[in-house]
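Novice: My file is data_30.txt. It has compact mmCIF, C-alpha atoms:
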# COMPACT_ATOMS: atom_id res chain seq x y z
CA MET A 1 2.99 8.70 25.49
CA ASP A 2 5.94 11.01 24.98
CA PHE A 3 6.32 13.15 21.86
CA THR A 4 9.69 14.57 22.90
CA PRO A 5 12.06 14.08 19.95
CA THR A 6 15.06 11.87 20.48
CA GLU A 7 18.49 13.41 20.08
CA GLU A 8 18.71 11.96 16.58
CA GLN A 9 15.24 13.22 15.59
CA ALA A 10 15.99 16.71 16.89
CA ALA A 11 19.31 16.83 15.05
CA ALA A 12 17.68 15.70 11.79
CA ARG A 13 14.88 18.26 12.21
CA ASP A 14 17.38 21.08 12.77
CA LEU A 15 19.43 20.02 9.76
CA ALA A 16 16.31 19.88 7.60
CA ALA A 17 15.29 23.34 8.80
CA ARG A 18 18.67 24.75 7.75
CA ILE A 19 18.62 23.11 4.31
CA PHE A 20 15.03 24.10 3.56
CA GLY A 21 15.61 27.62 4.91
CA ASP A 22 18.74 28.12 2.82
CA LEU A 23 17.54 26.62 -0.46
CA ALA A 24 13.72 26.85 -0.55
CA THR A 25 13.66 30.64 -0.85
CA PRO A 26 10.74 32.48 -2.49
CA GLU A 27 13.01 33.39 -5.39
CA ARG A 28 13.99 29.77 -6.07
CA LEU A 29 10.41 28.62 -5.70
CA THR A 30 9.27 31.20 -8.22
CA ALA A 31 11.98 30.15 -10.65
CA ALA A 32 10.98 26.47 -10.32
CA GLY A 33 7.42 27.20 -11.38
CA THR A 34 5.39 24.00 -10.97
CA ASP A 35 8.43 21.71 -11.12
CA SER A 36 10.50 20.29 -8.29
CA ASP A 37 13.91 21.65 -7.29
CA PRO A 38 16.57 19.04 -8.21
CA GLU A 39 19.37 20.84 -6.36
CA LEU A 40 17.38 20.89 -3.14
CA TRP A 41 16.57 17.21 -3.55
CA LYS A 42 20.26 16.40 -4.02
CA ALA A 43 21.12 18.39 -0.90
CA LEU A 44 18.56 16.53 1.21
CA CYS A 45 19.77 13.14 0.00
CA ALA A 46 23.45 14.07 0.39
CA ALA A 47 22.72 15.07 3.99
CA GLY A 48 21.29 11.60 4.58
CA LEU A 49 17.84 12.83 5.58
CA VAL A 50 15.89 10.50 3.31
CA GLY A 51 17.76 7.38 4.36
CA ALA A 52 17.61 8.40 8.03
CA VAL A 53 13.81 8.16 8.08
CA GLU A 54 14.01 4.37 8.41
CA GLU A 55 15.67 4.86 11.82
CA LEU A 56 13.84 8.06 12.78
CA GLY A 57 10.43 6.46 12.31
CA LEU A 58 7.18 8.07 11.31
CA LEU A 59 7.39 10.64 14.11
CA GLY A 60 10.81 11.66 12.85
CA LEU A 61 9.41 11.99 9.34
CA VAL A 62 6.55 14.16 10.60
CA LEU A 63 9.10 16.50 12.21
CA LEU A 64 11.04 16.75 8.94
CA LEU A 65 7.90 17.35 6.90
CA GLU A 66 6.91 20.20 9.19
CA GLU A 67 10.11 21.94 8.16
CA GLN A 68 9.38 21.30 4.49
CA GLY A 69 5.88 22.68 4.91
CA ARG A 70 7.12 25.91 6.52
CA THR A 71 8.90 26.76 3.27
CA THR A 72 6.65 24.85 0.81
CA ALA A 73 9.81 23.33 -0.64
CA GLN A 74 9.11 21.62 -3.96
CA VAL A 75 10.72 18.18 -3.61
CA PRO A 76 9.25 14.63 -3.57
CA PHE A 77 10.37 14.14 0.03
CA ALA A 78 7.05 13.09 1.55
CA SER A 79 6.09 10.71 -1.25
CA THR A 80 9.46 8.97 -1.45
CA CYS A 81 9.62 8.45 2.31
CA VAL A 82 6.00 7.27 2.70
CA TYR A 83 5.40 5.26 -0.46
CA GLY A 84 9.00 4.21 -0.88
CA LEU A 85 11.21 3.93 2.16
CA LEU A 86 8.67 3.26 4.93
CA ALA A 87 6.42 1.08 2.74
CA VAL A 88 9.28 -1.11 1.54
CA ALA A 89 10.87 -1.29 5.00
CA ALA A 90 7.58 -2.37 6.59
CA HIS A 91 6.09 -4.62 3.90
CA GLY A 92 8.78 -5.50 1.39
CA SER A 93 10.45 -8.87 1.23
CA PRO A 94 14.07 -9.16 2.46
CA GLU A 95 15.23 -9.16 -1.16
CA GLN A 96 13.21 -6.03 -1.96
CA ARG A 97 14.53 -4.22 1.09
CA GLU A 98 18.11 -5.08 0.24
CA ARG A 99 17.68 -4.05 -3.39
CA LEU A 100 15.52 -0.93 -3.07
CA LEU A 101 16.25 0.80 0.23
CA PRO A 102 19.82 1.94 -0.60
CA GLY A 103 18.66 3.61 -3.81
CA ILE A 104 15.73 5.29 -2.08
CA GLY A 105 18.06 6.54 0.63
CA ASP A 106 20.58 8.11 -1.76
CA GLY A 107 17.87 9.65 -3.94
CA SER A 108 18.51 7.63 -7.10
CA VAL A 109 15.13 5.92 -6.63
CA VAL A 110 12.21 8.35 -6.28
CA VAL A 111 8.84 6.82 -5.43
CA CYS A 112 5.34 8.26 -5.71
CA GLY A 113 2.04 6.66 -4.78
CA ALA A 114 -1.16 6.02 -6.72
CA PHE A 115 -3.24 6.40 -3.56
CA PRO A 116 -5.89 5.94 -2.38
CA ALA A 117 -7.08 2.92 -4.39
CA GLN A 118 -9.63 4.07 -6.97
CA GLY A 119 -10.55 0.72 -8.51
CA GLY A 120 -9.12 1.73 -11.85
CA VAL A 121 -6.08 -0.55 -11.89
CA ARG A 122 -6.21 -4.30 -12.48
CA ALA A 123 -3.39 -6.79 -11.92
CA SER A 124 -2.98 -10.01 -13.87
CA GLU A 125 -1.66 -13.27 -12.45
CA GLN A 126 1.63 -12.52 -14.16
CA GLY A 127 1.99 -9.22 -12.30
CA GLU A 128 1.05 -6.92 -15.18
CA LEU A 129 -0.93 -3.78 -14.42
CA SER A 130 -3.59 -2.18 -16.61
CA GLY A 131 -5.72 0.87 -16.00
CA THR A 132 -5.54 4.59 -15.51
CA VAL A 133 -4.93 6.74 -12.43
CA PRO A 134 -6.05 10.31 -13.23
CA VAL A 135 -3.75 12.10 -10.79
CA VAL A 136 -0.52 10.91 -9.14
CA PRO A 137 1.39 13.61 -7.23
CA TRP A 138 5.13 13.80 -7.99
CA LEU A 139 4.77 11.32 -10.85
CA ARG A 140 6.92 13.49 -13.12
CA ASP A 141 9.81 13.20 -10.63
CA ALA A 142 9.46 9.49 -9.90
CA THR A 143 11.37 6.47 -11.07
CA HIS A 144 8.85 4.08 -9.45
CA VAL A 145 5.16 4.15 -8.54
CA LEU A 146 3.56 2.28 -5.67
CA VAL A 147 0.18 1.30 -7.13
CA ALA A 148 -2.85 0.06 -5.21
CA ASP A 149 -4.97 -2.13 -7.49
CA GLU A 150 -8.73 -2.73 -7.34
CA ARG A 151 -8.21 -5.42 -4.69
CA ARG A 152 -6.01 -3.07 -2.64
CA GLU A 153 -2.90 -5.12 -3.28
CA LEU A 154 0.31 -3.12 -3.56
CA TRP A 155 2.53 -3.21 -6.63
CA LEU A 156 5.76 -1.39 -7.38
CA THR A 157 6.30 -0.57 -11.04
CA PRO A 158 8.99 1.48 -12.82
CA VAL A 159 7.67 4.64 -14.43
CA THR A 160 9.48 3.65 -17.63
CA ASP A 161 7.15 0.63 -17.94
CA ALA A 162 4.03 2.80 -17.91
CA ALA A 163 2.24 3.22 -21.20
CA GLY A 164 1.95 6.96 -20.67
CA VAL A 165 2.69 9.77 -18.23
CA GLU A 166 0.82 12.97 -18.97
CA ALA A 167 1.56 16.12 -17.01
CA VAL A 168 -1.27 17.35 -14.78
CA GLU A 169 -1.27 20.66 -12.93
CA LEU A 170 -2.77 20.67 -9.45
CA THR A 171 -3.63 23.49 -7.07
CA ALA A 172 -0.18 23.03 -5.51
CA PRO A 173 2.97 22.54 -7.65
CA TRP A 174 3.43 18.83 -6.96
CA SER A 175 4.82 17.71 -10.36
CA ALA A 176 1.75 15.52 -10.81
CA GLY A 177 0.82 13.37 -13.76
CA ARG A 178 -1.83 11.11 -15.23
CA LEU A 179 -0.66 7.50 -15.14
CA THR A 180 -1.73 5.07 -17.85
CA LEU A 181 -0.80 1.41 -17.44
CA ASP A 182 -1.15 -1.10 -20.27
CA GLY A 183 0.31 -4.43 -19.23
CA ALA A 184 3.06 -2.72 -17.25
CA SER A 185 5.38 -5.10 -15.44
CA ALA A 186 5.26 -4.80 -11.66
CA GLU A 187 6.37 -6.60 -8.52
CA ARG A 188 4.09 -7.20 -5.58
CA LEU A 189 5.26 -5.44 -2.45
CA GLY A 190 6.25 -8.34 -0.24
CA SER A 191 7.12 -11.92 -1.03
CA CYS A 192 3.55 -13.17 -1.42
CA ALA A 193 -0.06 -12.05 -1.52
CA ARG A 194 -1.92 -11.24 1.66
CA SER A 195 -3.88 -14.22 2.92
CA SER A 196 -7.57 -14.10 2.06
CA THR A 197 -8.31 -15.04 5.67
CA LEU A 198 -6.51 -11.97 7.01
CA PRO A 199 -8.91 -9.16 7.99
CA PRO A 200 -8.69 -6.22 5.57
CA THR A 201 -7.77 -3.88 8.42
CA PHE A 202 -4.44 -5.71 8.71
CA SER A 203 -3.49 -5.22 5.06
CA PRO A 204 -0.33 -3.44 3.92
CA TYR A 205 -2.57 -1.09 1.95
CA THR A 206 -4.34 0.09 5.09
CA ASP A 207 -1.05 0.66 6.87
CA VAL A 208 0.50 2.62 3.99
CA LEU A 209 -2.62 4.78 3.63
CA ALA A 210 -2.68 5.51 7.38
CA THR A 211 1.04 6.28 7.30
CA ALA A 212 0.51 8.65 4.38
CA ARG A 213 -2.36 10.45 6.12
CA THR A 214 -0.25 10.93 9.23
CA ALA A 215 2.77 12.17 7.30
CA PHE A 216 0.81 14.60 5.16
CA ALA A 217 -0.94 15.91 8.27
CA GLY A 218 2.53 16.76 9.55
CA LEU A 219 3.28 18.49 6.25
CA GLN A 220 0.05 20.47 6.61
CA ALA A 221 1.06 21.55 10.13
CA GLY A 222 4.24 23.02 8.67
CA VAL A 223 2.42 24.71 5.77
CA CYS A 224 -0.01 26.32 8.22
CA ALA A 225 2.76 27.35 10.62
CA GLY A 226 4.62 29.03 7.77
CA SER A 227 1.48 30.84 6.65
CA LEU A 228 0.74 32.13 10.14
CA ALA A 229 4.37 33.18 10.70
CA ARG A 230 4.23 35.31 7.55
CA ALA A 231 0.92 36.81 8.67
CA VAL A 232 2.26 37.66 12.13
CA THR A 233 5.27 39.39 10.61
CA HIS A 234 2.99 41.36 8.30
CA VAL A 235 0.52 42.57 10.95
CA ASN A 236 3.36 43.60 13.25
CA THR A 237 4.99 45.79 10.60
CA ARG A 238 1.95 47.06 8.70
CA GLU A 239 0.41 50.14 10.31
CA GLN A 240 -3.11 51.50 10.03
CA PHE A 241 -4.08 54.86 11.56
CA GLY A 242 -0.68 55.05 13.23
CA ARG A 243 -0.89 51.66 14.93
CA PRO A 244 0.34 48.21 13.88
CA LEU A 245 -2.42 45.92 12.68
CA ALA A 246 -1.35 43.46 15.35
CA THR A 247 -2.80 45.72 18.04
CA ARG A 248 -6.33 45.21 16.69
CA GLN A 249 -8.35 42.74 18.72
CA ALA A 250 -9.97 41.17 15.68
CA VAL A 251 -6.54 40.46 14.20
CA GLN A 252 -5.32 38.97 17.47
CA LEU A 253 -8.31 36.67 17.74
CA ARG A 254 -7.93 35.40 14.17
CA ALA A 255 -4.26 34.69 14.76
CA ALA A 256 -4.97 32.98 18.09
CA ASP A 257 -7.60 30.74 16.54
CA ALA A 258 -5.16 29.82 13.76
CA HIS A 259 -2.47 28.99 16.30
CA MET A 260 -4.80 26.64 18.17
CA ASP A 261 -5.79 24.95 14.90
CA ILE A 262 -2.12 24.37 14.04
CA GLU A 263 -1.46 22.86 17.44
CA ALA A 264 -4.41 20.51 16.97
CA ILE A 265 -3.06 19.33 13.60
CA ARG A 266 0.41 18.90 15.05
CA VAL A 267 -0.51 16.99 18.21
CA THR A 268 -2.86 14.58 16.43
CA ALA A 269 -0.18 13.87 13.80
CA TYR A 270 2.41 13.35 16.53
CA GLU A 271 0.14 10.92 18.39
CA ALA A 272 -0.64 8.82 15.31
CA ALA A 273 3.04 8.72 14.33
CA TRP A 274 4.19 7.85 17.86
CA ARG A 275 1.69 5.01 18.09
CA ARG A 276 2.82 3.50 14.79
CA ASP A 277 6.45 3.68 15.85
CA ALA A 278 5.51 2.03 19.16
CA GLY A 279 3.72 -0.80 17.37
CA LEU A 280 0.30 0.25 18.70
CA PRO A 281 -3.02 0.46 16.80
CA TYR A 282 -3.18 3.87 15.16
CA GLY A 283 -5.83 3.71 12.43
CA THR A 284 -8.37 5.96 14.17
CA HIS A 285 -5.58 8.31 15.22
CA ALA A 286 -4.36 8.66 11.62
CA LEU A 287 -7.90 9.50 10.50
CA THR A 288 -8.23 12.04 13.32
CA ALA A 289 -5.00 13.72 12.23
CA ALA A 290 -6.20 13.72 8.60
CA TRP A 291 -9.52 15.32 9.62
CA TRP A 292 -7.78 18.11 11.52
CA ALA A 293 -5.34 18.62 8.64
CA SER A 294 -8.26 19.01 6.23
CA GLU A 295 -10.72 21.07 8.25
CA ALA A 296 -8.36 23.19 10.36
CA GLY A 297 -5.73 23.43 7.65
CA SER A 298 -8.17 25.09 5.29
CA ARG A 299 -9.14 27.62 7.96
CA VAL A 300 -5.54 28.51 8.78
CA VAL A 301 -4.33 29.17 5.23
CA HIS A 302 -7.42 31.31 4.61
CA THR A 303 -6.59 33.25 7.78
CA GLY A 304 -2.98 33.70 6.70
CA GLN A 305 -4.07 35.17 3.39
CA HIS A 306 -6.83 37.28 4.96
CA LEU A 307 -4.49 38.86 7.53
CA HIS A 308 -2.29 40.07 4.70
CA GLY A 309 -5.15 42.26 3.46
CA GLY A 310 -4.74 43.36 -0.13
CA ALA A 311 -1.27 41.81 -0.33
CA GLY A 312 -2.82 38.42 0.32
CA ALA A 313 -4.74 38.68 -2.94
CA ASP A 314 -1.48 38.94 -4.90
CA LEU A 315 -0.87 35.60 -6.62
CA ASP A 316 2.89 36.26 -6.53
CA HIS A 317 3.03 36.86 -2.77
CA PRO A 318 4.81 34.06 -0.82
CA VAL A 319 1.78 33.58 1.44
CA HIS A 320 -0.32 32.58 -1.56
CA ARG A 321 1.91 29.54 -2.02
CA HIS A 322 0.97 28.39 1.48
CA PHE A 323 -2.67 28.91 0.57
CA LEU A 324 -2.33 26.69 -2.51
CA TRP A 325 -0.52 23.95 -0.59
CA GLY A 326 -3.04 24.08 2.25
CA ARG A 327 -5.98 23.72 -0.11
CA GLN A 328 -4.32 20.83 -1.95
CA LEU A 329 -3.59 19.02 1.31
CA ASP A 330 -7.17 19.70 2.41
CA ALA A 331 -8.42 17.21 -0.18
CA TYR A 332 -5.46 14.88 -0.66
CA LEU A 333 -6.13 11.32 0.62
CA GLY A 334 -9.69 12.30 1.55
CA CYS A 335 -11.38 15.58 2.43
CA GLY A 336 -12.73 16.27 5.91
CA GLY A 337 -16.20 14.84 5.32
CA GLU A 338 -14.92 11.64 3.72
CA VAL A 339 -12.37 11.09 6.46
CA LEU A 340 -14.96 11.73 9.17
CA GLN A 341 -17.31 9.16 7.63
CA GLU A 342 -14.52 6.61 7.42
CA LEU A 343 -13.58 7.30 11.04
CA GLY A 344 -17.16 6.82 12.17
CA GLU A 345 -17.49 3.53 10.31
CA LEU A 346 -14.21 2.34 11.80
CA ILE A 347 -15.34 3.18 15.34
CA VAL A 348 -18.78 1.60 14.90
CA GLY A 349 -17.24 -1.49 13.37
CA ASP A 350 -14.71 -1.67 16.20
CA GLU A 351 -11.95 -2.30 13.71
CA GLU A 352 -8.44 -0.99 14.13
CA PRO A 353 -5.71 -1.04 11.49
CA ARG A 354 -2.39 -2.22 12.90
CA PRO A 355 1.10 -1.81 11.54
Since I need it in another form, could you write the structure as structure tokens?
Specialist:
Amino acid sequence: MDFTPTEEQAAARDLAARIFGDLATPERLTAAGTDSDPELWKALCAAGLVGAVEELGLLGLVLLLEEQGRTTAQVPFASTCVYGLLAVAAHGSPEQRERLLPGIGDGSVVVCGAFPAQGGVRASEQGELSGTVPVVPWLRDATHVLVADERRELWLTPVTDAAGVEAVELTAPWSAGRLTLDGASAERLGSCARSSTLPPTFSPYTDVLATARTAFAGLQAGVCAGSLARAVTHVNTREQFGRPLATRQAVQLRAADAHMDIEAIRVTAYEAAWRRDAGLPYGTHALTAAWWASEAGSRVVHTGQHLHGGAGADLDHPVHRHFLWGRQLDAYLGCGGEVLQELGELIVGDEEPRP
């Protein structure tokens, strides 16, 4: 396997780093509060970064999400690419791809995902959805929701057809909402239902969930890298008893452990993404990346805040934003214990989700 970015992936990553670095400043993030930044979203779409993900693949998306995570930029980039562009490109019918992908690429269609399936949504034979999803990240920004029903079938429904969208505040400012569906019209993702004879590990739902776990692990790697970078800057400039804090062995060890945790998150996310792009089984690899993102991610953002000392306890300090994102990503799509149990059952059952 080779995780070296292609020329196109490297160029897109560098462009994303410039846009996020220029626009996702602490001042703009503070002004946005818990909402997304529409100007930043327009800049990303105008640069072609959303539409490019179809060609860049999941590994390319992971590289872009790392750059978002470094700045904790508040845009629905991850959700639209995972639940919208990649899901439709992989599992949509030709008509759906032709109709939806251009709008997703230019930013006029914003997609969020009601994932994982919670058994609270039912679909009728006529394609009408009923039920409630307590928390859907980026729902307040979305034009469409990719919904997994109680049978783990995938449905795409316009937010305007939902019976109600109620704002919900999460640990991280992800413009989340409570989704209530009451006979909402929806279209099945793909031209027909999955065959009942097809093993569940081959379902579009399993692929989208594994893709999401891989992508958000990449986002967590960026969040953690940004937290540690701020901590390193702080301990190199903050002096105690005439010496920088960075000269203290205890500080060095904490930072070194955090660095190794970040590398573990990154390399497992890269491997899962590379395998999906190569058309190889990647279900266990996605779960491994999700476990590292949960367990190690929580450790790293705590370290970043701890190394700031008293400043880390300030809720308005930029490093606290990384802490909030890291804790939200720790539990999103399954916390460490849940993911580890699922991974064990998958290994014992000798089942492997495939793209």
Novice: When you look at stretch 174-180 of chain A with a cut-off of 8 Å (counting all atoms listed in the file), what residues show up, excluding the ones that are within fewer than 3 positions of it in the same chain? I need them as a ChimeraX atom specification.
Specialist: /A:34-36,74,76,130-141,162-170
Novice: List the spatial neighbours of A:Asp2 as an mmCIF file with C-alpha atoms, in the coordinates of the input - criterion: any atom at most 12 Å away, only C-alpha atoms, same-chain residues fewer than 6 positions off excluded.
Specialist:
data_model
loop_
_atom_site.group_PDB
_atom_site.id
_atom_site.type_symbol
_atom_site.label_atom_id
_atom_site.label_comp_id
_atom_site.auth_asym_id
_atom_site.auth_seq_id
_atom_site.Cartn_x
_atom_site.Cartn_y
_atom_site.Cartn_z
ATOM 1 C CA LEU A 59 7.390 10.640 14.110
ATOM 2 C CA VAL A 267 -0.510 16.990 18.210
ATOM 3 C CA TYR A 270 2.410 13.350 16.530
ATOM 4 C CA GLU A 271 0.140 10.920 18.390
ATOM 5 C CA ALA A 272 -0.640 8.820 15.310
ATOM 6 C CA ALA A 273 3.040 8.720 14.330
ATOM 7 C CA TRP A 274 4.190 7.850 17.860
ATOM 8 C CA ARG A 275 1.690 5.010 18.090
ATOM 9 C CA ASP A 277 6.450 3.680 15.850
ATOM 10 C CA ALA A 278 5.510 2.030 19.160
#
Novice: Assuming 5 Å of padding per side, give the centre and edge lengths of the axis-aligned box around every listed atom of stretch 14-24 of chain A, in Å to one decimal and as JSON.
Specialist:
{"center_x": 16.6, "center_y": 24.0, "center_z": 6.1, "size_x": 15.7, "size_y": 18.2, "size_z": 23.3}
Novice: With all atoms listed in the file as the counted atoms, please give the residues lying no more than 12 Å from A:Val111, apart from itself and same-chain residues fewer than 2 positions off, as a PyMOL selection string.
Specialist: chain A and resi 50+75-88+100-101+103-105+107-109+113-114+136-147+155-159
Novice: Could you list, as a ChimeraX atom specification, every residue within 12 Å of A:Leu63, counting only C-alpha atoms and ignoring same-chain residues fewer than 6 positions away?
Specialist: /A:3-6,8-17,49,53,56-57,69-70,78,214-222,266-267,269-270,273-274
Novice: Next, dump the selected residues to file, keeping only C-alpha atoms, as a PDB file, in the coordinates of the input.
Specialist:
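Final file, again-v4.pdb:
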ATOM      1  CA  PHE A   3       6.320  13.150  21.860  1.00  0.00           C
ATOM      2  CA  THR A   4       9.690  14.570  22.900  1.00  0.00           C
ATOM      3  CA  PRO A   5      12.060  14.080  19.950  1.00  0.00           C
ATOM      4  CA  THR A   6      15.060  11.870  20.480  1.00  0.00           C
ATOM      5  CA  GLU A   8      18.710  11.960  16.580  1.00  0.00           C
ATOM      6  CA  GLN A   9      15.240  13.220  15.590  1.00  0.00           C
ATOM      7  CA  ALA A  10      15.990  16.710  16.890  1.00  0.00           C
ATOM      8  CA  ALA A  11      19.310  16.830  15.050  1.00  0.00           C
ATOM      9  CA  ALA A  12      17.680  15.700  11.790  1.00  0.00           C
ATOM     10  CA  ARG A  13      14.880  18.260  12.210  1.00  0.00           C
ATOM     11  CA  ASP A  14      17.380  21.080  12.770  1.00  0.00           C
ATOM     12  CA  LEU A  15      19.430  20.020   9.760  1.00  0.00           C
ATOM     13  CA  ALA A  16      16.310  19.880   7.600  1.00  0.00           C
ATOM     14  CA  ALA A  17      15.290  23.340   8.800  1.00  0.00           C
ATOM     15  CA  LEU A  49      17.840  12.830   5.580  1.00  0.00           C
ATOM     16  CA  VAL A  53      13.810   8.160   8.080  1.00  0.00           C
ATOM     17  CA  LEU A  56      13.840   8.060  12.780  1.00  0.00           C
ATOM     18  CA  GLY A  57      10.430   6.460  12.310  1.00  0.00           C
ATOM     19  CA  GLY A  69       5.880  22.680   4.910  1.00  0.00           C
ATOM     20  CA  ARG A  70       7.120  25.910   6.520  1.00  0.00           C
ATOM     21  CA  ALA A  78       7.050  13.090   1.550  1.00  0.00           C
ATOM     22  CA  THR A 214      -0.250  10.930   9.230  1.00  0.00           C
ATOM     23  CA  ALA A 215       2.770  12.170   7.300  1.00  0.00           C
ATOM     24  CA  PHE A 216       0.810  14.600   5.160  1.00  0.00           C
ATOM     25  CA  ALA A 217      -0.940  15.910   8.270  1.00  0.00           C
ATOM     26  CA  GLY A 218       2.530  16.760   9.550  1.00  0.00           C
ATOM     27  CA  LEU A 219       3.280  18.490   6.250  1.00  0.00           C
ATOM     28  CA  GLN A 220       0.050  20.470   6.610  1.00  0.00           C
ATOM     29  CA  ALA A 221       1.060  21.550  10.130  1.00  0.00           C
ATOM     30  CA  GLY A 222       4.240  23.020   8.670  1.00  0.00           C
ATOM     31  CA  ARG A 266       0.410  18.900  15.050  1.00  0.00           C
ATOM     32  CA  VAL A 267      -0.510  16.990  18.210  1.00  0.00           C
ATOM     33  CA  ALA A 269      -0.180  13.870  13.800  1.00  0.00           C
ATOM     34  CA  TYR A 270       2.410  13.350  16.530  1.00  0.00           C
ATOM     35  CA  ALA A 273       3.040   8.720  14.330  1.00  0.00           C
ATOM     36  CA  TRP A 274       4.190   7.850  17.860  1.00  0.00           C
TER      37      TRP A 274
END
Novice: Provide the atom CA of A:Glu345 to atom CA of A:Gln118 distance in Å, to one decimal place.
Specialist: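 Answer for the atom CA of A:Glu345 to atom CA of A:Gln118 separation: 19.0 Å.
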Novice: Of the candidates A:Glu128, A:Pro318, A:His91, A:Cys224, which one gets nearest to A:Arg28 if we count all atoms listed in the file?
Specialist: A:Pro318
Novice: Can you work out which one of A:Leu154, A:Asp207, A:Arg122, A:Val223 has the shortest atom-to-atom distance to A:Ala184, counting all atoms listed in the file?
Specialist: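 Going through A:Leu154, A:Asp207, A:Arg122, A:Val223 one by one, the smallest distance to A:Ala184 is for A:Arg122.
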